[in-house]
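First the structure, in the form of structure tokens, and then the observations on it.
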Amino acid sequence: MSLKKRLHIFVENFSSDSREEFFEQELPFLSQKFDEIIITPLYPGNINLAIIFPNVKVIQFDVFASCNRIKIFIRHFILLFSIYFFELFNTHHKLYYIKQLPSLINLLILRIGAAERLFKTQKVILSDTVYYSYWFSQFALILSIFKKFDNSVCAVSRVHGSDYNESQTRSVLPFRYFQLNFLNSIIPVSQFGANYLIRNFGLTGRKLYVNRLGLNKSYRLSLSAGGKLNIVSCSSLIPLKRVHLIIDILSHITSEVTWHHFGTGPELSKVQELSRKLQPAVKHVFHGYVPNRDFLRFISEN
């Protein structure tokens, strides 16, 4: 693939209340690799970035804008059913696609309408542009359809966990085979994710590029002051993260230690209740959600 000069990134939500912090770690690197970066959020509103760069700008796009579904159905009848039958032929959920035909056709109509509007906002499809969905979900489907309008489009998507692993969501993630087939590249954040896509969807390594998330290695951590041990964890409090296992381990500790957890979620009250049974020497602090820069400052100072 030749070097691209423009990157159009589609993110889910980057408001003050809900920010994709790990994307913020990636942006400085991307800003050095592309001449221009455009960020479009799924949900219109202000994007609150900790760091903004001269070559980065935000363009709003309303994915859920109302549309004339009958006109889209008529205008894109062939495209609509070619996508549906492609998925039906390839999927391991054939019965689901037969039973859910009306709702899936409605979903496709809405996403085709969004792709059509996106296509119209691009006065010309530039060969030096990469369209990049940060999550393998709403925008990944829209960009896959976008490529059907013009196959010269270069469209890629990251995949994280719940956006591809149906055992996590316990539901069918619609039109995954279509997206995996038509996107130029799929970028899992782990080798586990790559192996899952190869094993469950028959994806070949030819379009898979494992690219992990992480922290900038340039900052330094210091030893805890006064020999006191701080244990820090950071994650959503959901069953998948198994944060209760930290408490199981701490229950065997009798020396002085303080456990700090950053992040919140539906398991918060359960984890808090379990932590009350720890030995008095084991302190625990639940900080909830904090901005990424505040979290990095905390671990560098403690």
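By order in the structure tokens, chains are A, B, ...; within a chain, residues start at 1; ligands start at 1, following the order shown.
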
**Report entry** Surrounding residues of range 139-149 of chain A excluding itself and chain neighbours under 3 positions, 8 Å, only C-alpha atoms, as a PyMOL selection string
**Finding:** chain A and resi 10+42+111-112+114-116+118-119+131+133+135-136+152-157+175+178-179+182-183

If we count only C-alpha atoms, what is near range 186-192 of chain A at a cut-off of 12 Å, once residues fewer than 3 positions away on the same chain are taken out, given as a short mmCIF file (atom, residue, chain, number, x, y, z; two decimals) with all heavy atoms, in the first residue's frame?
data_model
loop_
_atom_site.label_atom_id
_atom_site.label_comp_id
_atom_site.auth_asym_id
_atom_site.auth_seq_id
_atom_site.Cartn_x
_atom_site.Cartn_y
_atom_site.Cartn_z
N PHE A 22 -7.68 5.53 25.00
CA PHE A 22 -6.57 4.89 24.31
C PHE A 22 -6.38 5.45 22.90
O PHE A 22 -5.30 5.42 22.35
CB PHE A 22 -6.72 3.37 24.27
CG PHE A 22 -8.12 2.87 24.42
CD1 PHE A 22 -8.95 2.80 23.34
CD2 PHE A 22 -8.57 2.46 25.67
CE1 PHE A 22 -10.25 2.32 23.48
CE2 PHE A 22 -9.87 1.98 25.82
CZ PHE A 22 -10.70 1.91 24.72
N PHE A 23 -7.46 5.99 22.32
CA PHE A 23 -7.32 6.68 21.05
C PHE A 23 -6.44 7.93 21.20
O PHE A 23 -5.66 8.27 20.33
CB PHE A 23 -8.69 7.08 20.49
CG PHE A 23 -8.63 8.03 19.34
CD1 PHE A 23 -8.11 7.63 18.12
CD2 PHE A 23 -9.06 9.33 19.47
CE1 PHE A 23 -8.02 8.52 17.05
CE2 PHE A 23 -8.99 10.22 18.42
CZ PHE A 23 -8.47 9.82 17.21
N TYR A 132 -10.70 5.33 8.37
CA TYR A 132 -10.29 4.48 9.49
C TYR A 132 -11.36 4.47 10.56
O TYR A 132 -11.61 5.47 11.22
CB TYR A 132 -8.96 5.03 10.02
CG TYR A 132 -8.42 4.47 11.31
CD1 TYR A 132 -8.74 3.21 11.78
CD2 TYR A 132 -7.53 5.24 12.08
CE1 TYR A 132 -8.21 2.72 12.97
CE2 TYR A 132 -6.99 4.76 13.27
CZ TYR A 132 -7.35 3.50 13.70
OH TYR A 132 -6.82 3.02 14.87
N SER A 133 -12.04 3.33 10.72
CA SER A 133 -13.02 3.17 11.79
C SER A 133 -12.30 2.66 13.03
O SER A 133 -11.67 1.61 13.00
CB SER A 133 -14.12 2.18 11.38
OG SER A 133 -15.04 1.99 12.44
N TYR A 134 -12.41 3.41 14.13
CA TYR A 134 -11.66 3.03 15.33
C TYR A 134 -12.28 1.82 16.02
O TYR A 134 -11.62 1.14 16.79
CB TYR A 134 -11.57 4.21 16.29
CG TYR A 134 -10.51 4.00 17.35
CD1 TYR A 134 -9.17 4.04 17.00
CD2 TYR A 134 -10.85 3.73 18.67
CE1 TYR A 134 -8.18 3.82 17.96
CE2 TYR A 134 -9.88 3.51 19.62
CZ TYR A 134 -8.54 3.56 19.26
OH TYR A 134 -7.57 3.32 20.19
N TRP A 135 -13.57 1.59 15.76
CA TRP A 135 -14.25 0.41 16.31
C TRP A 135 -14.86 -0.38 15.17
O TRP A 135 -15.29 0.19 14.15
CB TRP A 135 -15.35 0.82 17.30
CG TRP A 135 -14.81 1.43 18.55
CD1 TRP A 135 -14.52 2.75 18.76
CD2 TRP A 135 -14.47 0.76 19.77
NE1 TRP A 135 -14.03 2.93 20.04
CE2 TRP A 135 -13.99 1.74 20.67
CE3 TRP A 135 -14.54 -0.57 20.18
CZ2 TRP A 135 -13.57 1.42 21.96
CZ3 TRP A 135 -14.12 -0.90 21.46
CH2 TRP A 135 -13.65 0.10 22.34
N PHE A 136 -14.93 -1.69 15.35
CA PHE A 136 -15.46 -2.57 14.32
C PHE A 136 -16.97 -2.68 14.51
O PHE A 136 -17.50 -3.72 14.85
CB PHE A 136 -14.78 -3.94 14.43
CG PHE A 136 -15.02 -4.85 13.26
CD1 PHE A 136 -14.84 -4.40 11.97
CD2 PHE A 136 -15.42 -6.16 13.46
CE1 PHE A 136 -15.06 -5.24 10.88
CE2 PHE A 136 -15.63 -7.01 12.39
CZ PHE A 136 -15.45 -6.54 11.10
N ALA A 140 -17.71 0.82 10.73
CA ALA A 140 -17.08 -0.23 9.92
C ALA A 140 -18.06 -0.72 8.85
O ALA A 140 -17.67 -0.96 7.70
CB ALA A 140 -16.63 -1.37 10.80
N SER A 144 -17.71 -0.12 4.81
CA SER A 144 -17.76 -1.27 3.91
C SER A 144 -18.72 -0.99 2.76
O SER A 144 -18.44 -1.32 1.59
CB SER A 144 -18.21 -2.52 4.67
OG SER A 144 -17.34 -2.81 5.73
N CYS A 154 -9.93 3.40 0.30
CA CYS A 154 -9.11 2.61 1.23
C CYS A 154 -9.73 2.73 2.62
O CYS A 154 -9.68 3.79 3.24
CB CYS A 154 -7.67 3.11 1.25
SG CYS A 154 -6.61 2.19 2.38
N ALA A 155 -10.35 1.65 3.10
CA ALA A 155 -11.07 1.67 4.38
C ALA A 155 -10.55 0.56 5.27
O ALA A 155 -10.44 -0.59 4.85
CB ALA A 155 -12.57 1.51 4.16
N VAL A 156 -10.23 0.91 6.52
CA VAL A 156 -9.69 -0.05 7.49
C VAL A 156 -10.45 0.10 8.80
O VAL A 156 -11.13 1.10 9.03
CB VAL A 156 -8.18 0.18 7.73
CG1 VAL A 156 -7.41 0.11 6.42
CG2 VAL A 156 -7.92 1.51 8.42
N SER A 157 -10.32 -0.91 9.66
CA SER A 157 -10.97 -0.84 10.96
C SER A 157 -10.14 -1.55 12.02
O SER A 157 -9.59 -2.63 11.77
CB SER A 157 -12.37 -1.48 10.91
OG SER A 157 -12.99 -1.44 12.19
N ARG A 158 -10.05 -0.93 13.19
CA ARG A 158 -9.53 -1.62 14.37
C ARG A 158 -10.61 -2.59 14.87
O ARG A 158 -11.79 -2.39 14.62
CB ARG A 158 -9.22 -0.63 15.49
CG ARG A 158 -7.78 -0.15 15.53
CD ARG A 158 -7.48 0.45 16.88
NE ARG A 158 -6.16 1.00 16.97
CZ ARG A 158 -5.06 0.30 17.17
NH1 ARG A 158 -5.13 -1.02 17.27
NH2 ARG A 158 -3.89 0.88 17.26
N VAL A 159 -10.17 -3.63 15.57
CA VAL A 159 -11.11 -4.47 16.32
C VAL A 159 -10.54 -4.65 17.71
O VAL A 159 -9.35 -4.90 17.89
CB VAL A 159 -11.35 -5.83 15.63
CG1 VAL A 159 -12.15 -5.66 14.36
CG2 VAL A 159 -10.05 -6.55 15.32
N HIS A 160 -11.37 -4.50 18.73
CA HIS A 160 -10.91 -4.49 20.11
C HIS A 160 -11.28 -5.77 20.85
O HIS A 160 -10.42 -6.55 21.22
CB HIS A 160 -11.50 -3.28 20.84
CG HIS A 160 -11.03 -1.97 20.29
ND1 HIS A 160 -10.08 -1.19 20.92
CD2 HIS A 160 -11.36 -1.30 19.15
CE1 HIS A 160 -9.85 -0.10 20.19
NE2 HIS A 160 -10.62 -0.14 19.13
N GLY A 161 -12.55 -5.98 21.10
CA GLY A 161 -12.98 -7.15 21.87
C GLY A 161 -14.46 -7.38 21.68
O GLY A 161 -14.88 -8.27 20.94
N SER A 162 -15.26 -6.57 22.35
CA SER A 162 -16.71 -6.72 22.26
C SER A 162 -17.25 -6.37 20.88
O SER A 162 -18.40 -6.67 20.57
CB SER A 162 -17.40 -5.85 23.31
OG SER A 162 -17.08 -4.48 23.11
N ASP A 163 -16.44 -5.74 20.05
CA ASP A 163 -16.91 -5.37 18.71
C ASP A 163 -16.66 -6.47 17.68
O ASP A 163 -16.95 -6.29 16.50
CB ASP A 163 -16.29 -4.05 18.26
CG ASP A 163 -14.77 -4.04 18.32
OD1 ASP A 163 -14.19 -5.00 18.85
OD2 ASP A 163 -14.16 -3.07 17.83
N TYR A 164 -16.12 -7.61 18.11
CA TYR A 164 -15.99 -8.73 17.18
C TYR A 164 -16.28 -10.08 17.85
O TYR A 164 -16.64 -11.04 17.19
CB TYR A 164 -14.59 -8.78 16.57
CG TYR A 164 -13.50 -9.26 17.53
CD1 TYR A 164 -13.22 -10.62 17.68
CD2 TYR A 164 -12.78 -8.35 18.30
CE1 TYR A 164 -12.24 -11.04 18.57
CE2 TYR A 164 -11.81 -8.77 19.18
CZ TYR A 164 -11.54 -10.12 19.31
OH TYR A 164 -10.58 -10.55 20.19
N ASN A 165 -16.12 -10.14 19.16
CA ASN A 165 -16.22 -11.42 19.87
C ASN A 165 -17.66 -11.65 20.33
O ASN A 165 -18.11 -11.07 21.31
CB ASN A 165 -15.27 -11.43 21.06
CG ASN A 165 -15.12 -12.81 21.68
OD1 ASN A 165 -16.01 -13.64 21.60
ND2 ASN A 165 -13.97 -13.05 22.29
N ARG A 176 -20.89 -9.20 9.74
CA ARG A 176 -19.45 -9.26 9.99
C ARG A 176 -18.68 -9.83 8.79
O ARG A 176 -17.60 -9.37 8.47
CB ARG A 176 -19.15 -10.11 11.24
CG ARG A 176 -19.46 -9.38 12.54
CD ARG A 176 -18.67 -8.08 12.62
NE ARG A 176 -18.83 -7.40 13.89
CZ ARG A 176 -19.54 -6.30 14.07
NH1 ARG A 176 -20.17 -5.77 13.05
NH2 ARG A 176 -19.60 -5.70 15.25
N GLN A 179 -18.26 -7.12 6.16
CA GLN A 179 -17.26 -6.12 6.54
C GLN A 179 -15.84 -6.69 6.42
O GLN A 179 -14.94 -6.03 5.89
CB GLN A 179 -17.51 -5.65 7.98
CG GLN A 179 -18.82 -4.89 8.14
CD GLN A 179 -19.18 -4.69 9.60
OE1 GLN A 179 -18.52 -3.94 10.30
NE2 GLN A 179 -20.23 -5.35 10.05
N LEU A 180 -15.65 -7.90 6.92
CA LEU A 180 -14.32 -8.51 6.87
C LEU A 180 -13.86 -8.72 5.44
O LEU A 180 -12.66 -8.67 5.15
CB LEU A 180 -14.34 -9.85 7.62
CG LEU A 180 -14.49 -9.76 9.14
CD1 LEU A 180 -14.77 -11.14 9.74
CD2 LEU A 180 -13.25 -9.15 9.78
N ASN A 181 -14.81 -8.95 4.55
CA ASN A 181 -14.44 -9.21 3.16
C ASN A 181 -14.11 -7.93 2.41
O ASN A 181 -13.19 -7.91 1.57
CB ASN A 181 -15.58 -9.94 2.45
CG ASN A 181 -15.21 -10.38 1.06
OD1 ASN A 181 -14.47 -11.35 0.86
ND2 ASN A 181 -15.70 -9.66 0.06
N PHE A 182 -14.85 -6.83 2.68
CA PHE A 182 -14.72 -5.64 1.84
C PHE A 182 -13.79 -4.57 2.41
O PHE A 182 -13.31 -3.72 1.65
CB PHE A 182 -16.10 -5.06 1.54
CG PHE A 182 -16.85 -5.84 0.50
CD1 PHE A 182 -17.72 -6.86 0.86
CD2 PHE A 182 -16.64 -5.61 -0.85
CE1 PHE A 182 -18.37 -7.61 -0.09
CE2 PHE A 182 -17.29 -6.35 -1.81
CZ PHE A 182 -18.17 -7.36 -1.44
N LEU A 183 -13.54 -4.55 3.71
CA LEU A 183 -12.56 -3.59 4.22
C LEU A 183 -11.17 -3.98 3.75
O LEU A 183 -10.86 -5.16 3.62
CB LEU A 183 -12.61 -3.55 5.75
CG LEU A 183 -13.87 -2.93 6.37
CD1 LEU A 183 -13.88 -3.14 7.87
CD2 LEU A 183 -13.96 -1.44 6.04
N ASN A 195 -6.30 -14.29 15.99
CA ASN A 195 -6.55 -15.73 15.96
C ASN A 195 -8.05 -16.04 15.95
O ASN A 195 -8.50 -16.98 15.29
CB ASN A 195 -5.88 -16.42 17.15
CG ASN A 195 -4.36 -16.34 17.09
OD1 ASN A 195 -3.78 -16.09 16.03
ND2 ASN A 195 -3.72 -16.53 18.23
N TYR A 196 -8.81 -15.24 16.71
CA TYR A 196 -10.26 -15.43 16.77
C TYR A 196 -10.88 -15.21 15.40
O TYR A 196 -11.73 -15.99 14.94
CB TYR A 196 -10.86 -14.46 17.78
CG TYR A 196 -12.36 -14.58 17.95
CD1 TYR A 196 -12.90 -15.34 18.99
CD2 TYR A 196 -13.24 -13.92 17.09
CE1 TYR A 196 -14.28 -15.45 19.15
CE2 TYR A 196 -14.61 -14.03 17.24
CZ TYR A 196 -15.13 -14.79 18.27
OH TYR A 196 -16.49 -14.90 18.41
N LEU A 197 -10.46 -14.16 14.70
CA LEU A 197 -11.01 -13.85 13.38
C LEU A 197 -10.61 -14.90 12.35
O LEU A 197 -11.39 -15.24 11.46
CB LEU A 197 -10.56 -12.46 12.94
CG LEU A 197 -11.10 -11.29 13.77
CD1 LEU A 197 -10.44 -9.99 13.36
CD2 LEU A 197 -12.61 -11.19 13.63
N ILE A 198 -9.41 -15.41 12.48
CA ILE A 198 -8.96 -16.47 11.57
C ILE A 198 -9.74 -17.75 11.82
O ILE A 198 -10.23 -18.41 10.89
CB ILE A 198 -7.44 -16.72 11.74
CG1 ILE A 198 -6.65 -15.49 11.26
CG2 ILE A 198 -7.01 -17.97 10.98
CD1 ILE A 198 -5.17 -15.55 11.63
N ARG A 199 -9.90 -18.09 13.11
CA ARG A 199 -10.54 -19.36 13.48
C ARG A 199 -12.05 -19.34 13.25
O ARG A 199 -12.63 -20.31 12.75
CB ARG A 199 -10.25 -19.65 14.96
CG ARG A 199 -10.81 -20.97 15.46
CD ARG A 199 -10.38 -21.24 16.90
NE ARG A 199 -10.91 -20.25 17.83
CZ ARG A 199 -10.19 -19.30 18.40
NH1 ARG A 199 -8.89 -19.17 18.14
NH2 ARG A 199 -10.75 -18.43 19.25
N ASN A 200 -12.72 -18.23 13.57
CA ASN A 200 -14.18 -18.19 13.53
C ASN A 200 -14.75 -17.62 12.24
O ASN A 200 -15.91 -17.89 11.92
CB ASN A 200 -14.71 -17.38 14.72
CG ASN A 200 -14.49 -18.07 16.05
OD1 ASN A 200 -15.25 -18.94 16.44
ND2 ASN A 200 -13.41 -17.70 16.73
N LEU A 203 -10.81 -15.65 8.24
CA LEU A 203 -10.04 -14.52 7.69
C LEU A 203 -8.59 -14.93 7.50
O LEU A 203 -8.01 -15.63 8.34
CB LEU A 203 -10.12 -13.33 8.65
CG LEU A 203 -9.77 -11.96 8.06
CD1 LEU A 203 -10.77 -11.57 7.00
CD2 LEU A 203 -9.75 -10.91 9.16
N THR A 204 -7.99 -14.52 6.41
CA THR A 204 -6.59 -14.86 6.14
C THR A 204 -5.69 -13.77 6.69
O THR A 204 -6.10 -12.63 6.89
CB THR A 204 -6.34 -15.01 4.63
OG1 THR A 204 -6.59 -13.75 3.98
CG2 THR A 204 -7.26 -16.07 4.03
N GLY A 205 -4.44 -14.13 6.91
CA GLY A 205 -3.48 -13.17 7.46
C GLY A 205 -3.13 -12.06 6.51
O GLY A 205 -2.52 -11.07 6.89
N ARG A 206 -3.56 -12.17 5.27
CA ARG A 206 -3.20 -11.19 4.24
C ARG A 206 -3.70 -9.78 4.55
O ARG A 206 -3.08 -8.80 4.20
CB ARG A 206 -3.74 -11.74 2.94
CG ARG A 206 -4.19 -10.83 1.90
CD ARG A 206 -4.72 -11.58 0.70
NE ARG A 206 -6.11 -11.91 0.80
CZ ARG A 206 -7.07 -11.05 0.51
NH1 ARG A 206 -6.78 -9.82 0.19
NH2 ARG A 206 -8.33 -11.42 0.58
N LYS A 207 -4.84 -9.66 5.22
CA LYS A 207 -5.37 -8.33 5.53
C LYS A 207 -5.42 -8.05 7.02
O LYS A 207 -5.99 -7.06 7.45
CB LYS A 207 -6.75 -8.13 4.91
CG LYS A 207 -7.84 -9.07 5.41
CD LYS A 207 -9.24 -8.54 5.09
CE LYS A 207 -9.45 -8.31 3.61
NZ LYS A 207 -10.79 -7.76 3.32
N LEU A 208 -4.84 -8.92 7.83
CA LEU A 208 -4.80 -8.75 9.29
C LEU A 208 -3.47 -8.13 9.71
O LEU A 208 -2.41 -8.60 9.31
CB LEU A 208 -4.96 -10.09 9.99
CG LEU A 208 -6.37 -10.62 10.25
CD1 LEU A 208 -6.29 -12.01 10.86
CD2 LEU A 208 -7.15 -9.69 11.15
N TYR A 209 -3.55 -7.07 10.53
CA TYR A 209 -2.35 -6.45 11.08
C TYR A 209 -2.56 -6.23 12.57
O TYR A 209 -3.35 -5.38 12.97
CB TYR A 209 -2.05 -5.11 10.39
CG TYR A 209 -1.81 -5.22 8.91
CD1 TYR A 209 -2.86 -5.09 8.00
CD2 TYR A 209 -0.53 -5.47 8.41
CE1 TYR A 209 -2.65 -5.20 6.64
CE2 TYR A 209 -0.31 -5.57 7.04
CZ TYR A 209 -1.37 -5.43 6.16
OH TYR A 209 -1.16 -5.55 4.81
N VAL A 210 -1.89 -7.01 13.40
CA VAL A 210 -2.00 -6.83 14.85
C VAL A 210 -1.29 -5.54 15.24
O VAL A 210 -0.12 -5.34 14.92
CB VAL A 210 -1.40 -8.02 15.62
CG1 VAL A 210 -1.43 -7.75 17.12
CG2 VAL A 210 -2.16 -9.30 15.28
N ASN A 211 -2.00 -4.65 15.91
CA ASN A 211 -1.43 -3.38 16.34
C ASN A 211 -1.95 -3.10 17.73
O ASN A 211 -3.10 -2.71 17.91
CB ASN A 211 -1.81 -2.27 15.37
CG ASN A 211 -1.04 -0.99 15.62
OD1 ASN A 211 -1.42 -0.20 16.47
ND2 ASN A 211 0.05 -0.80 14.91
N ARG A 212 -1.11 -3.30 18.73
CA ARG A 212 -1.55 -3.26 20.12
C ARG A 212 -1.74 -1.84 20.64
O ARG A 212 -1.10 -0.91 20.16
CB ARG A 212 -0.56 -4.02 21.01
CG ARG A 212 -0.52 -5.51 20.69
CD ARG A 212 0.57 -6.23 21.47
NE ARG A 212 0.51 -7.67 21.26
CZ ARG A 212 1.04 -8.29 20.21
NH1 ARG A 212 1.71 -7.60 19.29
NH2 ARG A 212 0.93 -9.61 20.08
N LEU A 213 -2.59 -1.74 21.64
CA LEU A 213 -2.75 -0.48 22.36
C LEU A 213 -1.70 -0.43 23.46
O LEU A 213 -1.11 -1.43 23.82
CB LEU A 213 -4.14 -0.40 22.98
CG LEU A 213 -5.33 -0.54 22.01
CD1 LEU A 213 -6.63 -0.53 22.79
CD2 LEU A 213 -5.32 0.55 20.98
N GLY A 214 -1.47 0.74 24.02
CA GLY A 214 -0.50 0.81 25.11
C GLY A 214 -0.20 2.24 25.48
O GLY A 214 -0.83 3.18 25.00
#

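One distance worth recording is that between CA of Ile98 in chain A and CA of Arg117 in chain A, which is 28.6 Å.
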
Query raised in the report: Which residue gives the smallest distance to Val11 in chain A among A:Gln138, A:Lys71, A:Leu104, A:Phe85, with only C-alpha atoms counted?
Result: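 Answer, going by the shortest atom-to-atom distance: A:Gln138.
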
Query raised in the report: Nearest to Ile74 in chain A: which of A:Gly202, A:Pro41, A:Pro54, A:Gly113 is it, counting only C-alpha atoms?
Result: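 Going through A:Gly202, A:Pro41, A:Pro54, A:Gly113 one by one, the smallest distance to Ile74 in chain A is for A:Gly113.
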
Applying 7 Å and only C-alpha atoms, which residues near Leu7 in chain A remain after dropping the ones on its own chain fewer than 4 positions away? List them as a PDB file with N, CA, C and O atoms, in the first residue's frame.
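Below is the file result-v8.pdb, written as the result:
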ATOM      1  N   PHE A  34       0.715  11.512   9.049  1.00  0.00           N
ATOM      2  CA  PHE A  34      -0.183  11.996   8.006  1.00  0.00           C
ATOM      3  C   PHE A  34      -0.135  13.522   7.949  1.00  0.00           C
ATOM      4  O   PHE A  34       0.013  14.187   8.973  1.00  0.00           O
ATOM      5  N   GLU A  36      -2.700  15.395   7.078  1.00  0.00           N
ATOM      6  CA  GLU A  36      -3.976  15.913   7.584  1.00  0.00           C
ATOM      7  C   GLU A  36      -4.755  14.779   8.229  1.00  0.00           C
ATOM      8  O   GLU A  36      -4.792  13.657   7.706  1.00  0.00           O
ATOM      9  N   ILE A  37      -5.372  15.073   9.373  1.00  0.00           N
ATOM     10  CA  ILE A  37      -6.214  14.095  10.058  1.00  0.00           C
ATOM     11  C   ILE A  37      -7.583  14.720  10.313  1.00  0.00           C
ATOM     12  O   ILE A  37      -7.683  15.828  10.840  1.00  0.00           O
ATOM     13  N   ILE A  38      -8.621  13.996   9.922  1.00  0.00           N
ATOM     14  CA  ILE A  38     -10.000  14.418  10.158  1.00  0.00           C
ATOM     15  C   ILE A  38     -10.618  13.425  11.133  1.00  0.00           C
ATOM     16  O   ILE A  38     -10.509  12.213  10.957  1.00  0.00           O
ATOM     17  N   THR A 129      -6.083   9.094   0.695  1.00  0.00           N
ATOM     18  CA  THR A 129      -6.848   9.142   1.943  1.00  0.00           C
ATOM     19  C   THR A 129      -7.129   7.731   2.462  1.00  0.00           C
ATOM     20  O   THR A 129      -7.479   6.843   1.695  1.00  0.00           O
ATOM     21  N   VAL A 130      -6.968   7.562   3.781  1.00  0.00           N
ATOM     22  CA  VAL A 130      -7.365   6.321   4.449  1.00  0.00           C
ATOM     23  C   VAL A 130      -8.574   6.638   5.324  1.00  0.00           C
ATOM     24  O   VAL A 130      -8.541   7.591   6.107  1.00  0.00           O
ATOM     25  N   TYR A 131      -9.635   5.847   5.185  1.00  0.00           N
ATOM     26  CA  TYR A 131     -10.812   5.961   6.037  1.00  0.00           C
ATOM     27  C   TYR A 131     -10.692   4.889   7.121  1.00  0.00           C
ATOM     28  O   TYR A 131     -10.609   3.698   6.832  1.00  0.00           O
TER      29      TYR A 131
END

Query - Residue nearest Leu79 in chain A among A:Tyr289, A:Pro266, A:Ser300, A:Leu108 (counting only C-alpha atoms) - result: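 Checking each of A:Tyr289, A:Pro266, A:Ser300, A:Leu108 against Leu79 in chain A, counting only C-alpha atoms, the winner is A:Leu108.
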
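Of the listed residues (A:Lys270, A:Lys33, A:His8, A:His260), A:Lys270 comes nearest to Leu237 in chain A; the distances count only C-alpha atoms.
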
Query raised in the report: Skipping near chain neighbours, those fewer than 5 positions away, what residues fall within 12 Å of Pro280 in chain A using only C-alpha atoms, listed as a list in words?
Result: Leu250, Ser251, Ile253, Thr254, Ser255, Glu256, Val257, Thr258 and Ser275 of chain A

Write the residues you've just listed into a file as a PDB file, in the first residue's frame, and include N, CA, C and O atoms for each of them.
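Result file is selection.pdb:
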ATOM      1  N   LEU A 250      -5.514 -10.049  47.281  1.00  0.00           N
ATOM      2  CA  LEU A 250      -5.242  -9.154  48.407  1.00  0.00           C
ATOM      3  C   LEU A 250      -5.707  -9.744  49.739  1.00  0.00           C
ATOM      4  O   LEU A 250      -5.214  -9.342  50.794  1.00  0.00           O
ATOM      5  N   SER A 251      -6.625 -10.676  49.698  1.00  0.00           N
ATOM      6  CA  SER A 251      -7.105 -11.295  50.943  1.00  0.00           C
ATOM      7  C   SER A 251      -6.010 -12.107  51.636  1.00  0.00           C
ATOM      8  O   SER A 251      -6.131 -12.432  52.816  1.00  0.00           O
ATOM      9  N   ILE A 253      -2.903 -10.907  51.850  1.00  0.00           N
ATOM     10  CA  ILE A 253      -1.880  -9.934  52.227  1.00  0.00           C
ATOM     11  C   ILE A 253      -2.146  -9.428  53.643  1.00  0.00           C
ATOM     12  O   ILE A 253      -3.277  -9.061  53.988  1.00  0.00           O
ATOM     13  N   THR A 254      -1.101  -9.399  54.465  1.00  0.00           N
ATOM     14  CA  THR A 254      -1.238  -8.876  55.831  1.00  0.00           C
ATOM     15  C   THR A 254      -0.408  -7.614  56.047  1.00  0.00           C
ATOM     16  O   THR A 254      -0.612  -6.892  57.016  1.00  0.00           O
ATOM     17  N   SER A 255       0.566  -7.344  55.156  1.00  0.00           N
ATOM     18  CA  SER A 255       1.386  -6.130  55.277  1.00  0.00           C
ATOM     19  C   SER A 255       0.638  -4.931  54.690  1.00  0.00           C
ATOM     20  O   SER A 255      -0.360  -5.081  53.989  1.00  0.00           O
ATOM     21  N   GLU A 256       1.165  -3.750  54.982  1.00  0.00           N
ATOM     22  CA  GLU A 256       0.476  -2.517  54.575  1.00  0.00           C
ATOM     23  C   GLU A 256       0.562  -2.314  53.068  1.00  0.00           C
ATOM     24  O   GLU A 256       1.640  -2.308  52.474  1.00  0.00           O
ATOM     25  N   VAL A 257      -0.576  -2.127  52.445  1.00  0.00           N
ATOM     26  CA  VAL A 257      -0.647  -1.912  51.001  1.00  0.00           C
ATOM     27  C   VAL A 257      -1.925  -1.123  50.701  1.00  0.00           C
ATOM     28  O   VAL A 257      -2.909  -1.225  51.419  1.00  0.00           O
ATOM     29  N   THR A 258      -1.868  -0.320  49.650  1.00  0.00           N
ATOM     30  CA  THR A 258      -3.059   0.413  49.206  1.00  0.00           C
ATOM     31  C   THR A 258      -3.355   0.059  47.750  1.00  0.00           C
ATOM     32  O   THR A 258      -2.485   0.179  46.884  1.00  0.00           O
ATOM     33  N   SER A 275     -14.489  -5.799  48.755  1.00  0.00           N
ATOM     34  CA  SER A 275     -13.260  -5.179  49.263  1.00  0.00           C
ATOM     35  C   SER A 275     -13.350  -4.827  50.744  1.00  0.00           C
ATOM     36  O   SER A 275     -12.323  -4.698  51.423  1.00  0.00           O
TER      37      SER A 275
END

Query raised in the report: Quick one: DSSP strand (DSSP E) residues in range 152-301 of chain A, as a count of residues only?
Result: 29

Query raised in the report: So, counting only C-alpha atoms, which residue among A:Leu245, A:Ser235, A:Leu107, A:Tyr96 is closest to Val172 in chain A?
Result: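 The closest residue to Val172 in chain A is A:Tyr96.
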